[in-house]
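Reviewing the structure listed below.
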Amino acid sequence: MSCALDPNENFAKTEWKIREAAARGAQIICTQELFRSQYFCREEIAELFALSEPIPGPSTDALGCLARELGVIIVASLFERRAAGLYHNTAAVIGTDGGILGLYRKMHIPDDPLYFEKFYFTPGDLGFPNFDTPFGRVGVLVCWDQWYPEAARLSALAGASILFYPTAIGWHPSEKAQYGAAQLDAWQTIQRGHAIASGIYVAAVNRVGFEGPPDKGLEFWGSSFVADPFGQMVAQASTDKEETLIVECDPHRMEEVRQNWPFLRDRRIDAYAPILNRWLEK
């Protein structure tokens with residue numbers, strides 16, 4: 001969805017869209033990254049820390065009531081205030097009883113033009129947890145984590161059947177013409193690769209719309225999608241319209257793909273210790 005300047009307006013829109021998704025049969029509903037506000041990391045402004053909140057807090061309380069009413073799981077991406085001066089980019093997984101099943105704190109924190117996240121967020125310290133729900137075991141990573149096969153693999157090895165990526169990614173105005181198509185293709189390709197390598201479903205949930213001044217803003221490219229364990233695009237949203245994708249993820253598809261493409265079986269875990277190094281010196 002697109003986001004306005006008023007966090008209350010964005011929250012109300014999100015609640016409405018969750019109700020809409022549940023009415024269409026959704027069981028696990030994932031928000032885009034930092035859905036309560038516009039993507040504030042385009043600038044380094046200390047006053048924007050006021051957008052943060054504790055977890056549990058007002059947002060998880062309200063979404064907990066909604067999850068309990070609708071009988072759904074909600075993956076909510078929030079700006080967490082953990083303590084004075086300590087903040088995280090956090091996804092809270094809320095159960096059908098309204099309680100918090102657990103948290104994932106974004107592990108990989110970017111620092112790129114218009115993505116100044118290191119100013120705001122401390123890297124996560126909870127690892128790559130999975131969450132058991134009545135509808136399946138899920139993993140959650142966040143945006144910049146999308147580019148790291150290690151994160152996807154560790155989540156899959158813990159038993160996740162679906163990997164959710166709340167996301168806020170878009171084009172720089174000066175780059176879209178030259179690099180835009182390639183950037184979007186790379187974003188989809190790396191995540192489809194995670195689905196294939198681990199034989200799991202991958203769901204990327206991005207925002208749409210232009211935020212910021214014309215010369216220093218971001219045009220979010222939407223294109224939210226779900227890839228199946230074979231890497232095929234089961235569903236994909238447009239680049240510029242608000243959309244809610246309802247996708248059936250069949251666990252039998254995982255079994256079928258992993259039996260025929262046994263990548264997990266054939267991993268040489270005895271030979272991978274060097275991957276824990278920053279660099280392999282010659």
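Within each chain, counting starts at residue 1; across the structure tokens, chains are named A, B, ... in the order shown, with ligands numbered 1 upward in that order.
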Inset, instruction - as a VMD selection string, list the residues of segment 10-239 of chain A assigned to helix (DSSP H, G or I) by DSSP on the backbone atoms of this structure. - result: chain A and resid 10 to 23 40 to 42 46 to 51 58 to 70 117 to 119 143 to 147 149 to 157 176 to 198
Give me, as CSV, each residue of segment 163-272 of chain A that comes within 9 Å of segment 73-86 of chain A, together with its shortest interatomic pair and the distance in Å at one decimal, counting only C-alpha atoms, with rows ordered by chain and rising residue number.
```
residue,atom,partner,partner_atom,distance
A:Phe164,CA,A:Val75,CA,8.4
A:Pro166,CA,A:Ser77,CA,6.6
A:Thr167,CA,A:Ser77,CA,8.9
```
Given the selection you just returned, output its residues as a file containing N, CA, C and O atoms, formatted as a PDB file, in the first residue's frame.
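Listed below is the output, out-v8.pdb:
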```pdb
ATOM      1  N   PHE A 164       8.569 -14.860   4.955  1.00  0.00           N
ATOM      2  CA  PHE A 164       7.988 -13.548   4.683  1.00  0.00           C
ATOM      3  C   PHE A 164       9.058 -12.463   4.759  1.00  0.00           C
ATOM      4  O   PHE A 164       9.883 -12.458   5.672  1.00  0.00           O
ATOM      5  N   PRO A 166       8.746  -8.472   4.875  1.00  0.00           N
ATOM      6  CA  PRO A 166       8.221  -7.102   4.834  1.00  0.00           C
ATOM      7  C   PRO A 166       9.285  -6.180   4.222  1.00  0.00           C
ATOM      8  O   PRO A 166      10.463  -6.250   4.609  1.00  0.00           O
ATOM      9  N   THR A 167       8.872  -5.311   3.304  1.00  0.00           N
ATOM     10  CA  THR A 167       9.844  -4.642   2.440  1.00  0.00           C
ATOM     11  C   THR A 167       9.480  -3.182   2.190  1.00  0.00           C
ATOM     12  O   THR A 167       8.303  -2.822   2.146  1.00  0.00           O
TER      13      THR A 167
END
```
Counting only C-alpha atoms, give me one row per residue of segment 153-214 of chain A with an atom at most 9 Å from an atom of segment 257-267 of chain A, showing the shortest contact pair and its distance in Å to one decimal, sorted by chain then residue number, as CSV.
```
residue,atom,partner,partner_atom,distance
A:Leu157,CA,A:Leu264,CA,8.7
A:Ile196,CA,A:Phe263,CA,8.7
A:Ala197,CA,A:Phe263,CA,6.4
A:Ser198,CA,A:Leu264,CA,6.5
A:Gly199,CA,A:Arg258,CA,5.8
A:Ile200,CA,A:Arg258,CA,9.0
```
Store the residues picked out above, limited to all heavy atoms, as a compact mmCIF listing (two decimals), in the first residue's frame.
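File written: out-v3.txt
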```txt
# COMPACT_ATOMS: atom_id res chain seq x y z
N LEU A 157 16.26 -23.99 7.40
CA LEU A 157 16.77 -25.14 8.14
C LEU A 157 16.08 -25.30 9.49
O LEU A 157 16.09 -26.40 10.07
CB LEU A 157 18.28 -25.01 8.35
CG LEU A 157 19.15 -25.19 7.11
CD1 LEU A 157 20.62 -24.97 7.46
CD2 LEU A 157 18.96 -26.58 6.51
N ILE A 196 14.09 -21.68 -4.41
CA ILE A 196 14.58 -22.88 -5.08
C ILE A 196 15.61 -23.61 -4.22
O ILE A 196 15.53 -24.83 -4.03
CB ILE A 196 15.21 -22.51 -6.44
CG1 ILE A 196 14.15 -21.92 -7.38
CG2 ILE A 196 15.87 -23.73 -7.08
CD1 ILE A 196 14.74 -21.26 -8.62
N ALA A 197 16.58 -22.88 -3.68
CA ALA A 197 17.67 -23.51 -2.95
C ALA A 197 17.19 -24.26 -1.73
O ALA A 197 17.76 -25.30 -1.36
CB ALA A 197 18.70 -22.45 -2.54
N SER A 198 16.13 -23.76 -1.07
CA SER A 198 15.65 -24.38 0.15
C SER A 198 14.32 -25.09 -0.01
O SER A 198 13.83 -25.71 0.94
CB SER A 198 15.54 -23.33 1.27
OG SER A 198 16.83 -22.84 1.63
N GLY A 199 13.71 -24.99 -1.18
CA GLY A 199 12.43 -25.66 -1.39
C GLY A 199 11.33 -25.15 -0.51
O GLY A 199 10.56 -25.92 0.09
N ILE A 200 11.20 -23.80 -0.42
CA ILE A 200 10.19 -23.18 0.42
C ILE A 200 9.45 -22.11 -0.38
O ILE A 200 9.89 -21.69 -1.44
CB ILE A 200 10.79 -22.54 1.69
CG1 ILE A 200 11.84 -21.47 1.31
CG2 ILE A 200 11.40 -23.58 2.60
CD1 ILE A 200 12.35 -20.68 2.49
```
Legend entry - Thr14 of chain A surroundings by only C-alpha atoms, 12 Å radius, close-in-sequence under 5 positions cut, as a count of residues only: 31
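Every protein, DNA or RNA residue with an atom at most 9 Å from segment 147-153 of chain A, where only C-alpha atoms count and chain neighbours fewer than 4 positions away do not, is listed here: Met107, His108, Gly127, Phe128, Gly139, Leu141, Cys143, Leu157, Ala158, Leu163, Trp187, Ile190, Gln191, Gly193, His194, Ala195, Ala197 and Ser198 of chain A.
Using only C-alpha atoms, the smallest distance between any of A:Asn206, A:Gln183, A:Gln188, A:Thr60 and Ala168 of chain A comes from A:Asn206.
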Legend entry - Which of segment 63-273 of chain A DSSP labels strand (DSSP E or B), written as a ChimeraX atom specification: /A:73-83,86-94,100-105,111-112,115-116,130-133,136-140,162-166,170-171,201-205,208-211,218-221,225-227,233-236
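In this comparison, which uses only C-alpha atoms, the residue of A:Gln38, A:Thr96, A:Thr239, A:Gln27 approaching Asn10 of chain A most closely is A:Gln38.
The shortest atom-to-atom distance to Leu154 of chain A, with only C-alpha atoms taken into account, belongs to A:Pro129 out of A:Pro129, A:Arg68, A:Leu48, A:Glu255.
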